[in-house]
Structures are given as C-alpha cells and as structure tokens.
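Visitor: Dropping a structure here in structure tokens format, bear with me for questions.
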Amino acid sequence: MGIKKHSGGMTAYERQRRNLLKGATAVTAASTVFGVPIIWAQNIKDVTLRQFGTGVSNLNDVAAKVKEDLGFTLEMTALDSDAVAQRAATQPKSFDIADIEYWICKKVWPAGNLQPMDTSKIDNYDKIVGIFRNGKLTPESEIAQGTAPHTVGFVDGPDGKAFVNEESGWMTLIPTIYNADTLGIRPDLIEEEINSWAQLLDPKYKGKASILDISSIGIMDAAMVCEALGEISYGDKGNMTREEIDKTMAIMTEAKQNGQFRAFWKTFDESVNLMASGEVVIQSMWSPAITAVRAKGIPCVYQPLQEGYRSWGGGIGLSKNLSGIELDAAYEYINWYLSGWVGGYLMRQGYYSAVPETSKNFMSADEWGYWFEGKESEGDIVNPQGVKMEGPGAVRDGGSFYDRMGQVACWNSVMDENQHMVRKWNEFIAS
Amino acid sequence: MVSISEHILLKSDGWRATFTSWLQLSPIISILGFFLVLPIVAIVAVSFWASTEYSYHPAFIFENYGYLLSSKVTYSVYLKTFMFTGITWFFTLIIGFTVAYFLAFHVRTLPMQIALFLVCTIPFWTSNIIRMISWIPFLGRNGIANDTLISLGWIDQPLEWLLFSDFAVILAFVHLFTLFMIVPIFNTMMRIDHSLIEAARDAGASGLQILTNVIIPLSKPGIMIGSIFVVTLVMGDFITVRFMSGGQSASVGRIISNEIGLLQYPAASASAVVLLLTVLIMISVMMRFVDIRKEL
C-alpha cells in the first residue's frame, strides 16, 4: 500500500529479499548477504511466527506485508499493556515474538522467557537511533529520568539475565516504535493557552479532566503535574521514594475528591471517546488517539508543555523457545522491520521508527517533512489507511523529531517501590 | 449399560450396586471436580503463595491475607460493592416482580405470555458489554438525555452525574440483571394454582391481601433464586463498574482484575477467596429465609 508511492525507493536490500524468495538461484547469492544459513527458501513459507503486543504496533497490515515480502506467516495478537506483561512473564510457550515496551522488559526479562539478540545479525544496527544504544539522541543530549531504553536494552551475553549499560552486542529488544507523550486538549473548548502539565488540575477544568488508569504510566503523568505545580521536586520521577509516591497520590486524591476528573481511561479507544464526545477537554493521551479524534473532524491538539514530554518506547523480543528455522525467520523479520516499510507506516501514524533514515525511503518528501522534520505540509497528509489527516499548511504539534524527542523529561518506568506505588494507586482509584 | 446394571441388581451384590451408583454419578462428579472443585482448590492454594513483581512461587505465607484484611481500601471497596449490590437488588426485585406478576396474572393466554416473555429476552441477543456501553452516549454531557432535558427547558446545565457516576453504574446493573429476576419469579408464579387466588377472593381477600398472603409467599423460591443471581453477579462484576463509573469507582471484582493485570496472582487469589467466602455467607443467610429444596 505505502509502497506504490515509492517504487523508485526500493532499496537494494529489499530487492535482494524479493529475488531471494523467487528462486533457489538467488538463495545462494543471498546467503552471503545475510550471513545466516539459508536452508529455508521453501520451508520458510511454512513458518508461522506468533507475535503479541499492544495494539499500537500489532497491525494486520504489517502481517500482510510480511507474508508478501518474506513469505512466512505472522500471527498478531493485540492485548492491553497489563495483559502483555502478564503473557511475556507467564506464558512463554504462547508466543514467538513479544512486542513489549521497555519498562515492561525491565519487569519481565528476569523471568527468563526471552532470549537476547545478536546485534551482528541486525543489518541496520548501526543506524538505530542513539536513544536505544547509548541513551543519547545527540551527543549533547542529557539522559532523561525513568527507565531509559538503553538501560534495559542490553544484557551481558546470550543467556544474560543482568542488564548492562554498554552496547554489549546482545540486545534484549529491537526497538520498533517510540514517541513522546503529552497532554491532549480540545482547543475549541479551552480558551486560554495550555503550556504546563499543572493545568491538568486547574479548577477551571473541574469535571473535564482525565488521566490514564495504568498505574505505571499514570503515576508519571501525575508526577509531571505535581512537579509543574511546584508541590514536589523529585529525585527521579521514574524511581520515586515512598514519600514522593505518597505525596503525589495525596495531591491526586484530593483533586479526585474535588471532582476534577470526569473519568479515568485504560484503553486507547476510551481516551478517544472521552475527548471526541467533549466529556473531557484536557487529559493524558497518546499520539494516535489525537489523530483519531481529528479524523472525526473534531479539533484536538497534542500540546507541547514547558516541562517536557513523558516518553516511551517499544521493541520486539524473541521467545526463549525460538530456534532453528523459526529463529532465522525471526531475524529475517527483525531485519525487514528495520528496513523501512514498517517505519514509514508507523511514522504516518505519528510514531517514530527506530531507524528513521530507512523509513524516509518509504515516505514522500512532504510526509517526511511533516512527520519528522516538523515542516509545514505542502499537500494533504493521509494516514496509512488513506484517510486525510491534515490539509496543506499544517504543522505537527511539537515540531520536529529533535524538538520532540529532545524534550523528554521522563521515560515510562518500573520503580523499585512498584508494589507500594500500585497499592497507593489502587487507593486513589477506590477513594 | 442397562443390562449390566440390571444384572448387578439381580445379584443384589451390595458392593457392586454401590459401584454402579458411583459409576452413574461419575460424569457429574468429574465435571464438578474438574471445573469447580479443582479450580477453587488451586485458587486457595495460590492465595498462600509468595510473589515478586514478575513471578510467583509456592510458599505458605499469610501476607496476602494480611495485607488484604488490614488495608482500608478493602473495606471501602467492600462497602461500595455492598451498596451497589443492595440498591441493584432492590430495584431488580421491584421491577422483576412487577413484570413477572403482569406476565403471569394479567396476560390471559399462554401464547401471549410466551411471546411477551420472549420480548423480555430480546436485549440478551446482544452482548452485555454492548448493552452497557450503549448507555454512555445516551447519558453523556452532550448525550440524548441531557439534550432532551435542556430542550424541554427542565434544566439549564447538563446533568454531570448522569454518566460516570454511581448512578450510572446502578442504572446499568438494573438494566443488565432485571431479567435474572424476572425468569425465576415468572417461573414460580406460573405454578401457582389459580384456584388458590379464586379461593382467597371468595374468602373476601382484597387484591393487596392476595398479593401479600398468597402470591408473595408462593413466589418466594423464585424471588430467592433471582436474588441469588443478582447478588452474585453484582458482587463479582468488574467491567460494568469500570465502564459506567468512568474508572472512578472500585468494586471487589475490579481490584481482583487489577491485581491479575499486575501479575499479582497470589494477592488476586486471596482477594478471590475472601470474595467467595463473603458471597457464600450472603447466600447461606438468604437461604435461611426460604428452603428452596422444599419449595421446589
């Protein structure tokens, strides 16, 4: 679908792969390129890889494209974040590929159900954005608080259980998508300028605010708010002390009891409905939810805030049970994933891809300018399904990739005091 | 099979007869054993296990119960759940009884009774989630209810408490569960001998007296079965409370579902055991009022 615009943009890599699947002669030639045993030219068609993850990247279009480009079958199961963590930790036989977030990785990696990946088998490894390798977007960047992806991105060896800080060559997750989250607002229902997280608790929006009820993420948004209010200054918002957690939840509980919140949401669709129906005018939100609201013709802005973004990243990890031809197919899939088509697809939804430069080949110059460079659009901007998102002259909320990812204040995380935090969060919900 | 058991009975061998009865019982015993007893035993066992953030392992600790019973969240959540249960029970009973009464005593012909009874079940042709969610656009700030009230001039400002409130939760519960009251009450009412009502009338009883002295006592088993349905459904619910309160109210079921989501299986099991005991106590108290076995 996306490829028709870019017939000229097909990389050598891509052509190789297509030829490879066409005949046995190409197989011998290609075997040197991939450096993996090519025993599977025909067999690989029988391979089925079972992938599960959150709805954001578990897309049927990707599975269809895998079938077309690589020849094997990818079965997708979309679950919510809690269920994803649960399955990765407790049902290792139920999946081959886990599409999980980095903070979930920190939680489930010690369960030993995933195997690290040999980075020498990843073609575009060197082109992966620095955030996922050494933590730095640019050499001058400061590393944000929370579970920054590179801190749980590598382990010490093929059977490694301990995370290491340097690029060890054994990667836990291959980054797929990531983004910087902020508050979504309804500009038609809000008169003043929104520029701070603190405004989520502004009494003006009493009964019209919302926050997400996924404790590990919600607590971060709550911390951004409390810090912006000047009520609490945190050592590390991604790893709060008990006292910090208690104070944060006390402020949120008071707001809840004063009727500040209209609802709490747990799924993407709920956040879209709350915003689109006007029940809520300011809330924590995810990027594609904003575009979903806008696609209904309702104005919605992903408001950049002075305190910065709360960021998250996801990646795919391999099940411990993968071996032989399935493992080869999985590496093939990962290499394909980073080769650009998926990246282009996801970037047209407002996410970022781990290897932006390959995605560029699968986007028009205008799309690249709008989504990545923060430039004004020249023509219509359409989403991957072909629905018009923006007309000419639109600029992405928050600007360019470097403007947005450079303003990350905190990464989604799991805290040492996680259990205490969850209990406090439950008290907050029950209060 | 039949010939074998006859043969055995003819021999009237005591041990064999016992064996045969057990054999005949074995399907139900194995079904109940596998699908009821075994899972409950597993839940009870896991409730004593220890857990970390991402794993759990066999142990025999009381910490799960210790935290559960000492947390003030537990008590406030149980209080809230009892409140939902009580109010829902009251309204489903009133509505369910009235509808069943109408069907059983005011609709004259059997085909009409069956037809109207089927009409009551029509909402059940869709999933209960859809029935529940359809309230959301109706009750919303800019929903049909508020728009209508405003255009009628009854209110100036949209009523905020219609949606994402305890009111919305109870409304959805009553809507979802009234049928569970109608069916058993209607069933027992249909068995009431109409000559009893005629006799009461001949003896000079007023309509109200017939209701309180004849119909209600004879409908008690149905009322009790319906009540058990409603109480257990509301006590165990997690999804209605979440959607209709906009995630702002907690119920026992939601706490368990949260714990499962956070991989805290032992804690979730302990909560489930406490909930199970609570519901069993409630039902045994209810059974005190009516001997269902006798009445059926």
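Labeling convention for the structure tokens: chains A, B, ... as they appear, residues from 1 per chain, ligands from 1 in order of appearance.
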Report the closest atom pair, with its distance in Å rounded to one decimal, for each residue of range 177-202 of chain B that has an atom no farther than 9 Å from range 102-106 of chain B; count only C-alpha atoms, sort by chain and then rising residue number, and write it as a tab-separated table.
Guide:
```
residue	atom	partner	partner_atom	distance
B:Phe186	CA	B:Ala104	CA	6.4
B:Asn187	CA	B:Ala104	CA	8.7
B:Met189	CA	B:Ala104	CA	6.2
B:Met190	CA	B:Ala104	CA	5.8
B:His194	CA	B:Phe105	CA	8.9
```
Visitor: Taking the chain letters and numbering used in this document, name the residues of range 39-150 of chain B that DSSP puts in strand (DSSP E), as number ranges by chain.
Guide: B: 50-51, 56-57
Visitor: Could the residues in this selection be written to a file with C-alpha atoms, as a PDB file, in the first residue's frame?
Guide:
```pdb
ATOM      1  CA  ALA B  50       4.634 -15.651  47.599  1.00  0.00           C
ATOM      2  CA  SER B  51       5.180 -13.307  44.680  1.00  0.00           C
ATOM      3  CA  TYR B  56       5.254 -16.174  41.981  1.00  0.00           C
ATOM      4  CA  HIS B  57       6.272 -19.378  43.681  1.00  0.00           C
TER       5      HIS B  57
END
```
Visitor: Could the residues of chain B within 6 Å of chain A, counting only C-alpha atoms, be given as number ranges by chain, please?
Guide: B: 54, 73, 246-250, 261, 263
Visitor: Using only N, CA, C and O atoms, please write the residues we just selected to a file, as a PDB file, in the first residue's frame.
Guide:
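Listing of again.pdb after writing:
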```pdb
ATOM      1  N   TYR B  54       7.289  -9.987  39.008  1.00  0.00           N
ATOM      2  CA  TYR B  54       7.091 -10.689  37.749  1.00  0.00           C
ATOM      3  C   TYR B  54       6.960 -12.199  37.907  1.00  0.00           C
ATOM      4  O   TYR B  54       6.881 -12.916  36.938  1.00  0.00           O
ATOM      5  N   VAL B  73      -8.425   0.158  51.885  1.00  0.00           N
ATOM      6  CA  VAL B  73      -9.034   0.081  50.557  1.00  0.00           C
ATOM      7  C   VAL B  73     -10.025  -1.071  50.506  1.00  0.00           C
ATOM      8  O   VAL B  73     -11.134  -0.944  49.980  1.00  0.00           O
ATOM      9  N   GLY B 246     -16.660   5.399  34.706  1.00  0.00           N
ATOM     10  CA  GLY B 246     -15.514   6.034  34.059  1.00  0.00           C
ATOM     11  C   GLY B 246     -14.230   5.700  34.790  1.00  0.00           C
ATOM     12  O   GLY B 246     -13.300   6.492  34.819  1.00  0.00           O
ATOM     13  N   GLY B 247     -14.184   4.514  35.377  1.00  0.00           N
ATOM     14  CA  GLY B 247     -12.969   4.099  36.079  1.00  0.00           C
ATOM     15  C   GLY B 247     -12.791   4.767  37.427  1.00  0.00           C
ATOM     16  O   GLY B 247     -11.750   4.622  38.049  1.00  0.00           O
ATOM     17  N   GLN B 248     -13.797   5.509  37.892  1.00  0.00           N
ATOM     18  CA  GLN B 248     -13.608   6.266  39.137  1.00  0.00           C
ATOM     19  C   GLN B 248     -14.103   5.542  40.377  1.00  0.00           C
ATOM     20  O   GLN B 248     -13.835   5.992  41.489  1.00  0.00           O
ATOM     21  N   SER B 249     -14.867   4.466  40.189  1.00  0.00           N
ATOM     22  CA  SER B 249     -15.298   3.690  41.350  1.00  0.00           C
ATOM     23  C   SER B 249     -14.600   2.350  41.313  1.00  0.00           C
ATOM     24  O   SER B 249     -14.284   1.847  40.246  1.00  0.00           O
ATOM     25  N   ALA B 250     -14.411   1.794  42.496  1.00  0.00           N
ATOM     26  CA  ALA B 250     -13.803   0.472  42.543  1.00  0.00           C
ATOM     27  C   ALA B 250     -14.820  -0.508  43.079  1.00  0.00           C
ATOM     28  O   ALA B 250     -15.686  -0.157  43.854  1.00  0.00           O
ATOM     29  N   GLY B 261      -3.907  -8.135  36.415  1.00  0.00           N
ATOM     30  CA  GLY B 261      -3.199  -7.348  35.410  1.00  0.00           C
ATOM     31  C   GLY B 261      -1.772  -7.052  35.833  1.00  0.00           C
ATOM     32  O   GLY B 261      -0.874  -6.969  35.005  1.00  0.00           O
ATOM     33  N   LEU B 263       0.061  -8.948  37.543  1.00  0.00           N
ATOM     34  CA  LEU B 263       0.739 -10.229  37.768  1.00  0.00           C
ATOM     35  C   LEU B 263       0.777 -10.639  39.234  1.00  0.00           C
ATOM     36  O   LEU B 263       1.561 -11.488  39.619  1.00  0.00           O
TER      37      LEU B 263
END
```
Visitor: Applying 12 Å and only C-alpha atoms, which residues near Glu192 in chain A remain after dropping the ones on its own chain fewer than 6 positions away? List them as a ChimeraX atom specification.
Guide: /A:185-186,199,202,204-205
Visitor: Would you list, as a PyMOL selection string, the residues of range 53-224 of chain B that end up in alpha helix (DSSP H) under DSSP run on this structure's backbone?
Guide: chain B and resi 63-70+72-101+110-121+128-133+135-139+144-151+166-191+194-202+207-210+216-224
Visitor: Which polymer residues have any atom within 10 Å of an atom of Pro203 in chain A, counting only C-alpha atoms, with same-chain residues fewer than 4 positions away left out, as a list of chain:residue names?
Guide: A:Gln199, A:Gly207, A:Lys208, A:Ala209, A:Ala255, A:Asn258, A:Gly259, A:Gln260
Visitor: Next, the residues of the selection above should be written as a PDB file, in the first residue's frame with N, CA and C atoms.
Guide:
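This went into part.pdb:
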```pdb
ATOM      1  N   GLN A 199      -1.734  22.521  34.487  1.00  0.00           N
ATOM      2  CA  GLN A 199      -3.090  22.934  34.125  1.00  0.00           C
ATOM      3  C   GLN A 199      -4.090  21.773  34.106  1.00  0.00           C
ATOM      4  N   GLY A 207     -14.170  18.510  36.502  1.00  0.00           N
ATOM      5  CA  GLY A 207     -15.127  17.607  35.863  1.00  0.00           C
ATOM      6  C   GLY A 207     -14.887  17.416  34.381  1.00  0.00           C
ATOM      7  N   LYS A 208     -13.770  17.989  33.882  1.00  0.00           N
ATOM      8  CA  LYS A 208     -13.499  17.880  32.443  1.00  0.00           C
ATOM      9  C   LYS A 208     -12.080  17.403  32.163  1.00  0.00           C
ATOM     10  N   ALA A 209     -11.432  16.863  33.199  1.00  0.00           N
ATOM     11  CA  ALA A 209     -10.064  16.372  33.018  1.00  0.00           C
ATOM     12  C   ALA A 209     -10.056  14.861  33.157  1.00  0.00           C
ATOM     13  N   ALA A 255      -7.615  16.051  44.364  1.00  0.00           N
ATOM     14  CA  ALA A 255      -8.227  16.543  43.120  1.00  0.00           C
ATOM     15  C   ALA A 255      -9.410  15.673  42.727  1.00  0.00           C
ATOM     16  N   ASN A 258     -12.363  16.394  44.803  1.00  0.00           N
ATOM     17  CA  ASN A 258     -12.975  17.675  44.454  1.00  0.00           C
ATOM     18  C   ASN A 258     -13.688  17.629  43.110  1.00  0.00           C
ATOM     19  N   GLY A 259     -13.708  16.456  42.487  1.00  0.00           N
ATOM     20  CA  GLY A 259     -14.434  16.313  41.231  1.00  0.00           C
ATOM     21  C   GLY A 259     -13.686  16.821  40.013  1.00  0.00           C
ATOM     22  N   GLN A 260     -12.350  16.881  40.096  1.00  0.00           N
ATOM     23  CA  GLN A 260     -11.574  17.367  38.963  1.00  0.00           C
ATOM     24  C   GLN A 260     -11.705  16.449  37.754  1.00  0.00           C
TER      25      GLN A 260
END
```
Visitor: Write out as a PyMOL selection string which residues come within 12 Å of range 155-172 of chain A when counting only C-alpha atoms, dropping same-chain ones fewer than 2 positions away.
Guide: chain A and resi 97-122+125-126+130-135+147-153+174-175+314-320
Visitor: Tell me, as a PyMOL selection string, which residues lie within 12 Å of range 134-140 of chain B, counting only C-alpha atoms; anything in the same chain fewer than 2 positions away does not count.
Guide: (chain A and resi 262-263+270+273-280) or (chain B and resi 123+126-132+142-149+158-165+167-173+175-176+240+243-246)
Visitor: From the list A:Val342, A:Ile44, A:Met224, A:Ala78, which residue is nearest Gly308 in chain A when using only C-alpha atoms?
Guide: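 Between A:Val342, A:Ile44, A:Met224, A:Ala78, the residue approaching Gly308 in chain A most closely is A:Met224.
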Visitor: Which value, in Å to one decimal, gives the distance between CA of Glu378 in chain A and CA of Ala365 in chain A?
Guide: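 So the two atoms, CA of Glu378 in chain A and CA of Ala365 in chain A, lie 9.6 Å apart.
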Visitor: Could you check the closest approach to Ile223 in chain B for each of B:Phe289, B:Phe35, B:Tyr65, B:Trp15 and tell me which residue wins, using only C-alpha atoms?
Guide: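 The answer is B:Phe289, which sits nearest to Ile223 in chain B.
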Visitor: Please list as a list in words every residue within 12 Å of Leu277 in chain B, counting only C-alpha atoms and excluding residues in the same chain fewer than 6 positions away.
Guide: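 The residues that qualify are Ile40, Val44, Thr232, Met235, Ala270, Ser271, Ile283 and Ser284 of chain B.
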Visitor: Store the residues picked out above in a file with all heavy atoms, as a PDB file, in the first residue's frame.
Guide:
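Contents of out_35.pdb, as written:
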```pdb
ATOM      1  N   ILE B  40     -11.095 -24.121  42.442  1.00  0.00           N
ATOM      2  CA  ILE B  40     -11.195 -23.447  43.740  1.00  0.00           C
ATOM      3  C   ILE B  40     -10.036 -23.872  44.639  1.00  0.00           C
ATOM      4  O   ILE B  40      -9.410 -23.039  45.312  1.00  0.00           O
ATOM      5  CB  ILE B  40     -12.569 -23.719  44.398  1.00  0.00           C
ATOM      6  CG1 ILE B  40     -13.647 -23.006  43.585  1.00  0.00           C
ATOM      7  CG2 ILE B  40     -12.588 -23.233  45.841  1.00  0.00           C
ATOM      8  CD1 ILE B  40     -15.046 -23.226  44.074  1.00  0.00           C
ATOM      9  N   VAL B  44      -7.304 -21.351  46.211  1.00  0.00           N
ATOM     10  CA  VAL B  44      -6.999 -21.308  47.647  1.00  0.00           C
ATOM     11  C   VAL B  44      -5.507 -21.561  47.858  1.00  0.00           C
ATOM     12  O   VAL B  44      -4.843 -20.865  48.638  1.00  0.00           O
ATOM     13  CB  VAL B  44      -7.851 -22.338  48.424  1.00  0.00           C
ATOM     14  CG1 VAL B  44      -7.404 -22.407  49.880  1.00  0.00           C
ATOM     15  CG2 VAL B  44      -9.325 -21.975  48.348  1.00  0.00           C
ATOM     16  N   THR B 232     -24.899 -12.457  43.301  1.00  0.00           N
ATOM     17  CA  THR B 232     -23.598 -12.986  42.881  1.00  0.00           C
ATOM     18  C   THR B 232     -23.067 -12.233  41.661  1.00  0.00           C
ATOM     19  O   THR B 232     -21.871 -11.959  41.570  1.00  0.00           O
ATOM     20  CB  THR B 232     -23.665 -14.492  42.547  1.00  0.00           C
ATOM     21  OG1 THR B 232     -24.800 -14.703  41.711  1.00  0.00           O
ATOM     22  CG2 THR B 232     -23.827 -15.327  43.784  1.00  0.00           C
ATOM     23  N   MET B 235     -21.846  -8.751  42.930  1.00  0.00           N
ATOM     24  CA  MET B 235     -20.667  -8.873  43.794  1.00  0.00           C
ATOM     25  C   MET B 235     -19.414  -9.186  42.975  1.00  0.00           C
ATOM     26  O   MET B 235     -18.319  -8.760  43.312  1.00  0.00           O
ATOM     27  CB  MET B 235     -20.861  -9.977  44.847  1.00  0.00           C
ATOM     28  CG  MET B 235     -21.819  -9.649  45.967  1.00  0.00           C
ATOM     29  SD  MET B 235     -21.338  -8.261  47.000  1.00  0.00           S
ATOM     30  CE  MET B 235     -19.914  -8.920  47.864  1.00  0.00           C
ATOM     31  N   ALA B 270      -6.066 -14.429  46.919  1.00  0.00           N
ATOM     32  CA  ALA B 270      -6.527 -14.149  48.276  1.00  0.00           C
ATOM     33  C   ALA B 270      -7.789 -13.294  48.225  1.00  0.00           C
ATOM     34  O   ALA B 270      -8.775 -13.573  48.927  1.00  0.00           O
ATOM     35  CB  ALA B 270      -5.428 -13.452  49.081  1.00  0.00           C
ATOM     36  N   SER B 271      -7.798 -12.277  47.362  1.00  0.00           N
ATOM     37  CA  SER B 271      -8.999 -11.456  47.230  1.00  0.00           C
ATOM     38  C   SER B 271     -10.177 -12.296  46.761  1.00  0.00           C
ATOM     39  O   SER B 271     -11.304 -12.128  47.239  1.00  0.00           O
ATOM     40  CB  SER B 271      -8.786 -10.334  46.203  1.00  0.00           C
ATOM     41  OG  SER B 271      -7.705  -9.538  46.560  1.00  0.00           O
ATOM     42  N   ILE B 283     -25.214 -15.841  50.653  1.00  0.00           N
ATOM     43  CA  ILE B 283     -26.202 -16.766  50.102  1.00  0.00           C
ATOM     44  C   ILE B 283     -26.759 -17.671  51.188  1.00  0.00           C
ATOM     45  O   ILE B 283     -27.959 -17.940  51.235  1.00  0.00           O
ATOM     46  CB  ILE B 283     -25.580 -17.583  48.949  1.00  0.00           C
ATOM     47  CG1 ILE B 283     -25.372 -16.652  47.761  1.00  0.00           C
ATOM     48  CG2 ILE B 283     -26.476 -18.742  48.548  1.00  0.00           C
ATOM     49  CD1 ILE B 283     -24.648 -17.269  46.614  1.00  0.00           C
ATOM     50  N   SER B 284     -25.888 -18.113  52.117  1.00  0.00           N
ATOM     51  CA  SER B 284     -26.402 -19.001  53.149  1.00  0.00           C
ATOM     52  C   SER B 284     -27.383 -18.247  54.054  1.00  0.00           C
ATOM     53  O   SER B 284     -28.365 -18.825  54.522  1.00  0.00           O
ATOM     54  CB  SER B 284     -25.261 -19.629  53.953  1.00  0.00           C
ATOM     55  OG  SER B 284     -24.551 -18.622  54.619  1.00  0.00           O
TER      56      SER B 284
END
```
Visitor: When you draw a straight line from CA of Trp125 in chain B to CA of Ile182 in chain B, how long is it in Å?
Guide: 16.4 Å
